[in-house]
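So this one's input.cif, mmCIF, C-alpha atoms:
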```
data_data
#
loop_
_atom_site.label_atom_id
_atom_site.label_comp_id
_atom_site.auth_asym_id
_atom_site.auth_seq_id
_atom_site.Cartn_x
_atom_site.Cartn_y
_atom_site.Cartn_z
CA MET A 440 13.97 39.42 38.97
CA THR A 441 11.21 39.46 41.58
CA THR A 442 8.09 37.34 41.11
CA ILE A 443 4.92 38.25 42.98
CA GLU A 444 1.67 36.29 43.01
CA LEU A 445 -1.67 38.10 43.27
CA HIS A 446 -4.49 35.71 44.13
CA SER A 447 -7.18 38.18 45.18
CA ILE A 448 -7.94 41.88 44.98
CA GLU A 449 -7.60 41.99 48.79
CA GLN A 450 -3.83 41.49 48.32
CA LEU A 451 -3.49 44.44 45.95
CA ASN A 452 -2.14 46.97 48.47
CA GLU A 453 0.45 44.48 49.73
CA VAL A 454 1.44 43.61 46.16
CA ALA A 455 1.79 47.31 45.29
CA GLN A 456 4.25 47.69 48.18
CA GLU A 457 6.21 44.66 46.93
CA VAL A 458 6.35 46.10 43.42
CA LEU A 459 7.61 49.44 44.77
CA LYS A 460 10.32 47.63 46.71
CA ALA A 461 11.30 45.62 43.62
CA ILE A 462 11.57 48.66 41.32
CA GLY A 463 13.94 50.31 43.77
CA ASN A 464 15.26 53.65 42.53
CA SER A 465 13.96 53.30 38.98
CA ASN A 466 12.12 56.41 37.89
CA ILE A 467 10.54 54.81 34.82
CA VAL A 468 8.36 51.75 35.25
CA CYS A 469 6.99 49.96 32.18
CA PHE A 470 3.88 47.81 32.63
CA TYR A 471 3.42 44.96 30.16
CA GLY A 472 0.33 42.79 30.05
CA SER A 473 -2.62 41.92 27.90
CA MET A 474 -5.76 44.04 27.77
CA GLY A 475 -7.55 43.54 31.08
CA ALA A 476 -4.52 42.12 32.89
CA GLY A 477 -4.74 44.80 35.57
CA LYS A 478 -2.10 47.36 34.60
CA THR A 479 -4.22 50.37 35.54
CA THR A 480 -5.48 48.68 38.71
CA LEU A 481 -1.93 47.97 39.86
CA ILE A 482 -0.83 51.51 38.98
CA ARG A 483 -3.75 52.87 41.01
CA ALA A 484 -2.62 50.81 44.03
CA ILE A 485 1.01 51.91 43.57
CA CYS A 486 -0.07 55.55 43.45
CA GLN A 487 -2.09 55.08 46.61
CA ALA A 488 0.95 53.52 48.30
CA LEU A 489 2.99 56.57 47.24
CA GLY A 490 0.51 58.94 48.86
CA VAL A 491 -1.22 60.16 45.71
CA THR A 492 -4.61 61.57 46.69
CA ASP A 493 -5.80 62.35 43.15
CA VAL A 494 -8.21 60.05 41.34
CA VAL A 495 -6.02 57.70 39.28
CA THR A 496 -7.48 56.76 35.91
CA SER A 497 -6.00 55.49 32.68
CA PRO A 498 -4.90 58.38 30.43
CA THR A 499 -5.89 56.48 27.28
CA PHE A 500 -6.99 59.59 25.39
CA ALA A 501 -4.83 62.21 27.13
CA LEU A 502 -1.62 60.11 26.89
CA VAL A 503 -0.45 61.30 30.32
CA ASN A 504 -2.03 62.13 33.67
CA GLU A 505 -0.03 63.96 36.31
CA TYR A 506 -0.38 63.29 40.01
CA THR A 507 1.58 64.38 43.07
CA ASN A 508 2.85 61.87 45.61
CA GLY A 509 2.98 62.37 49.38
CA SER A 510 6.39 64.07 49.04
CA GLU A 511 5.05 66.60 46.52
CA ASN A 512 6.99 64.96 43.66
CA PRO A 513 5.30 64.37 40.32
CA VAL A 514 4.03 60.96 39.28
CA TYR A 515 3.30 60.70 35.55
CA HIS A 516 0.95 57.98 34.33
CA PHE A 517 1.23 57.27 30.60
CA ASP A 518 -0.93 55.11 28.36
CA PHE A 519 0.54 54.69 24.89
CA TYR A 520 -2.08 52.23 23.61
CA ARG A 521 -3.43 54.67 21.02
CA ILE A 522 -0.06 55.93 19.76
CA THR A 523 0.26 55.24 16.05
CA HIS A 524 3.48 57.14 15.35
CA LEU A 525 6.41 57.85 17.61
CA ASP A 526 6.24 61.48 16.43
CA GLU A 527 3.21 61.89 18.71
CA VAL A 528 5.45 61.21 21.70
CA TYR A 529 8.15 63.56 20.42
CA ASP A 530 5.52 66.28 19.92
CA PHE A 531 4.44 66.37 23.56
CA GLY A 532 8.02 66.58 24.84
CA TYR A 533 8.56 63.20 26.45
CA GLU A 534 12.09 64.21 27.56
CA GLU A 535 10.69 66.57 30.19
CA TYR A 536 8.92 63.60 31.78
CA PHE A 537 11.36 60.73 31.28
CA TYR A 538 14.46 62.69 32.31
CA ASN A 539 13.04 64.45 35.37
CA PRO A 540 14.95 62.88 38.31
CA GLN A 541 12.23 63.96 40.78
CA ALA A 542 9.46 62.25 38.83
CA LEU A 543 8.19 58.70 38.64
CA CYS A 544 6.87 57.66 35.22
CA LEU A 545 4.41 54.75 35.14
CA ILE A 546 3.90 53.59 31.55
CA GLU A 547 1.17 51.36 30.16
CA TRP A 548 1.75 49.87 26.68
CA PRO A 549 5.46 50.75 26.59
CA GLU A 550 5.99 48.45 23.59
CA LEU A 551 5.16 51.40 21.40
CA VAL A 552 7.91 53.66 22.80
CA GLU A 553 10.65 51.23 23.86
CA GLN A 554 13.22 52.74 21.53
CA ILE A 555 13.13 56.11 23.31
CA LEU A 556 13.15 54.82 26.90
CA PRO A 557 16.34 55.35 28.88
CA GLN A 558 18.41 52.19 29.33
CA GLU A 559 19.21 53.03 32.95
CA GLY A 560 16.62 53.70 35.62
CA THR A 561 13.90 51.72 33.87
CA ALA A 562 12.06 48.86 35.54
CA ILE A 563 9.90 46.29 33.78
CA VAL A 564 6.69 44.95 35.30
CA ARG A 565 5.08 42.03 33.45
CA ILE A 566 1.59 40.97 34.46
CA ALA A 567 0.38 37.56 33.35
CA VAL A 568 -3.18 36.35 33.84
CA ASN A 569 -3.24 32.75 35.04
CA PRO A 570 -6.01 30.27 34.10
CA ASP A 571 -7.54 30.59 37.60
CA GLY A 572 -7.73 34.40 37.26
CA SER A 573 -4.81 35.09 39.57
CA ARG A 574 -1.91 37.22 38.36
CA THR A 575 1.81 36.57 38.24
CA ILE A 576 3.81 39.80 38.33
CA GLU A 577 7.47 39.81 37.40
CA VAL A 578 9.58 42.88 38.15
CA SER A 579 13.04 43.34 36.66
CA GLN A 580 15.43 46.06 35.56
CA ARG A 581 15.86 46.90 31.89
CA VAL A 582 19.13 45.67 30.47
#
```
Could you write out this file's structure as structure tokens?
Amino acid sequence: MTTIELHSIEQLNEVAQEVLKAIGNSNIVCFYGSMGAGKTTLIRAICQALGVTDVVTSPTFALVNEYTNGSENPVYHFDFYRITHLDEVYDFGYEEYFYNPQALCLIEWPELVEQILPQEGTAIVRIAVNPDGSRTIEVSQRV
């Protein structure tokens, strides 16, 4: 497990690089954290580090936004906060996203779809808000 401290927004680009290093070759990255912890903000910084030039926003209502990184590979940004039934995920064909070896899947609120996530190739990013407003980010591999 890798632990990263984020004390100010000015460190965000550096932290994004550290998170990318810690996730290694994982193509699915699950972001856990309370509402307002900074999941979307960190994903935006990670996308920027990957060379994404699109505007990165949370796909709360669309479920998934698709971007292209600097190598022309897809980056899928999911937000499963509003999922009420797993059938909704089956209906939009999650397999095409999760099992695309060229793609990187960044998932907010993965708690709602954990049972369909691949065991291998999945990284976990946990963001905790500290009393002083800083963030502690833990990155590990799913086991």
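Residues selected in this file by the PyMOL selection byres ((chain A and resi 580) around 7) comprise Thr561, Ala562, Ile563, Ser579, Arg581 and Val582 of chain A.
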Please write as a list in words the list of polymer residues whose atoms come within 8 Å of (9.8, 41.1, 45.5), counting all atoms listed in the file and keeping to the coordinates of the file.
Met440, Thr441, Thr442, Ile443, Glu457, Val458, Lys460, Ala461 and Val578 of chain A
So that I can see what lies close to Ala488 (chain A), please list as a list of chain:residue names the residues with an atom at most 12 Å from it, counting all atoms listed in the file and leaving out residues fewer than 5 positions away in the same chain.
A:Leu451, A:Asn452, A:Glu453, A:Val454, A:Ala455, A:Gln456, A:Glu457, A:Val458, A:Leu459, A:Lys460, A:Leu481, A:Ile482, A:Arg483, A:Asn508, A:Gly509, A:Ser510
Residue nearest Leu551 (chain A) among A:Thr523, A:Asn539, A:Asn466, A:Thr575 (counting all atoms listed in the file)
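Residue with the minimum atom-to-atom distance to Leu551 (chain A): A:Thr523.
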Any idea what the distance is between CA of Val503 (chain A) and CA of Cys486 (chain A)?
14.3 Å
Expand the PyMOL selection byres ((chain A and resi 501) around 12) into the individual residues it matches in the shown file, reporting them as an NGL selection string.
:A and (496-500 or 502-505 or 515-522 or 527-528 or 531)
Could those residues be written to a file, using C-alpha atoms, as a PDB file, in the coordinates of the input?
```pdb
ATOM      1  CA  THR A 496      -7.480  56.760  35.910  1.00  0.00           C
ATOM      2  CA  SER A 497      -6.000  55.490  32.680  1.00  0.00           C
ATOM      3  CA  PRO A 498      -4.900  58.380  30.430  1.00  0.00           C
ATOM      4  CA  THR A 499      -5.890  56.480  27.280  1.00  0.00           C
ATOM      5  CA  PHE A 500      -6.990  59.590  25.390  1.00  0.00           C
ATOM      6  CA  LEU A 502      -1.620  60.110  26.890  1.00  0.00           C
ATOM      7  CA  VAL A 503      -0.450  61.300  30.320  1.00  0.00           C
ATOM      8  CA  ASN A 504      -2.030  62.130  33.670  1.00  0.00           C
ATOM      9  CA  GLU A 505      -0.030  63.960  36.310  1.00  0.00           C
ATOM     10  CA  TYR A 515       3.300  60.700  35.550  1.00  0.00           C
ATOM     11  CA  HIS A 516       0.950  57.980  34.330  1.00  0.00           C
ATOM     12  CA  PHE A 517       1.230  57.270  30.600  1.00  0.00           C
ATOM     13  CA  ASP A 518      -0.930  55.110  28.360  1.00  0.00           C
ATOM     14  CA  PHE A 519       0.540  54.690  24.890  1.00  0.00           C
ATOM     15  CA  TYR A 520      -2.080  52.230  23.610  1.00  0.00           C
ATOM     16  CA  ARG A 521      -3.430  54.670  21.020  1.00  0.00           C
ATOM     17  CA  ILE A 522      -0.060  55.930  19.760  1.00  0.00           C
ATOM     18  CA  GLU A 527       3.210  61.890  18.710  1.00  0.00           C
ATOM     19  CA  VAL A 528       5.450  61.210  21.700  1.00  0.00           C
ATOM     20  CA  PHE A 531       4.440  66.370  23.560  1.00  0.00           C
TER      21      PHE A 531
END
```
Residue nearest Ile555 (chain A) - candidates A:Val514, A:Leu543, A:Gly475, A:Tyr538, atoms counted: all atoms listed in the file
A:Tyr538
If you measure from CA of Asp530 (chain A) to CA of Met474 (chain A), what distance in Å do you get, rounded to one decimal?
26.1 Å
Nearest residue to Pro549 (chain A) from the set A:Glu511, A:Asn464, A:Val491, A:Arg565 (distances using all atoms listed in the file)
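For Pro549 (chain A), the nearest of the candidates is A:Arg565.
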Non-local contacts of Ala476 (chain A) (10 Å; only C-alpha atoms; under 2 positions in same chain excluded) as JSON, numbers by chain:
{"A": [471, 472, 473, 474, 478, 479, 480, 481, 565, 566, 567, 568, 569, 572, 573, 574, 575]}
So that I have them on file, write out the residues from the current selection with C-alpha atoms, as a PDB file, keeping the file's coordinate frame.
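Output (out00.pdb):
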```pdb
ATOM      1  CA  TYR A 471       3.420  44.960  30.160  1.00  0.00           C
ATOM      2  CA  GLY A 472       0.330  42.790  30.050  1.00  0.00           C
ATOM      3  CA  SER A 473      -2.620  41.920  27.900  1.00  0.00           C
ATOM      4  CA  MET A 474      -5.760  44.040  27.770  1.00  0.00           C
ATOM      5  CA  LYS A 478      -2.100  47.360  34.600  1.00  0.00           C
ATOM      6  CA  THR A 479      -4.220  50.370  35.540  1.00  0.00           C
ATOM      7  CA  THR A 480      -5.480  48.680  38.710  1.00  0.00           C
ATOM      8  CA  LEU A 481      -1.930  47.970  39.860  1.00  0.00           C
ATOM      9  CA  ARG A 565       5.080  42.030  33.450  1.00  0.00           C
ATOM     10  CA  ILE A 566       1.590  40.970  34.460  1.00  0.00           C
ATOM     11  CA  ALA A 567       0.380  37.560  33.350  1.00  0.00           C
ATOM     12  CA  VAL A 568      -3.180  36.350  33.840  1.00  0.00           C
ATOM     13  CA  ASN A 569      -3.240  32.750  35.040  1.00  0.00           C
ATOM     14  CA  GLY A 572      -7.730  34.400  37.260  1.00  0.00           C
ATOM     15  CA  SER A 573      -4.810  35.090  39.570  1.00  0.00           C
ATOM     16  CA  ARG A 574      -1.910  37.220  38.360  1.00  0.00           C
ATOM     17  CA  THR A 575       1.810  36.570  38.240  1.00  0.00           C
TER      18      THR A 575
END
```
Translate the PyMOL selection byres ((chain A and resi 540) around 10), as applied to the file shown, into an explicit residue set as a VMD selection string.
chain A and resid 465 to 467 512 to 513 535 to 539 541 to 543 560
Would you compute the box with edges along x, y and z of the file around region 514-528 of chain A, including every atom the file lists for it and 8 Å extra on each side, and give its centre and edge lengths in Å to one decimal, as AutoDock Vina command-line options?
```
--center_x 1.5 --center_y 57.1 --center_z 27.3 --size_x 25.8 --size_y 25.7 --size_z 39.9
```
Just checking: using all atoms listed in the file, which residue out of A:Asp571, A:Glu547, A:Glu449, A:Leu525 ends up closest to Gly477 (chain A)?
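Comparing A:Asp571, A:Glu547, A:Glu449, A:Leu525 against Gly477 (chain A), the winner is A:Glu547.
Nearest to Pro570 (chain A) of all the residues A:Glu550, A:Phe470, A:Leu489, A:His446 is A:His446, based on only C-alpha atoms.
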Between CA of Val468 (chain A) and CA of Asp526 (chain A) - distance in Å to one decimal:
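Between CA of Asp526 (chain A) and CA of Val468 (chain A) the gap is 21.3 Å.
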Looking at only C-alpha atoms, which of A:Gln487, A:Thr507, A:Thr492, A:Ser447 is the one that sits closest to Cys544 (chain A)?
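Of A:Gln487, A:Thr507, A:Thr492, A:Ser447, the one nearest Cys544 (chain A) is A:Thr507, counting only C-alpha atoms.
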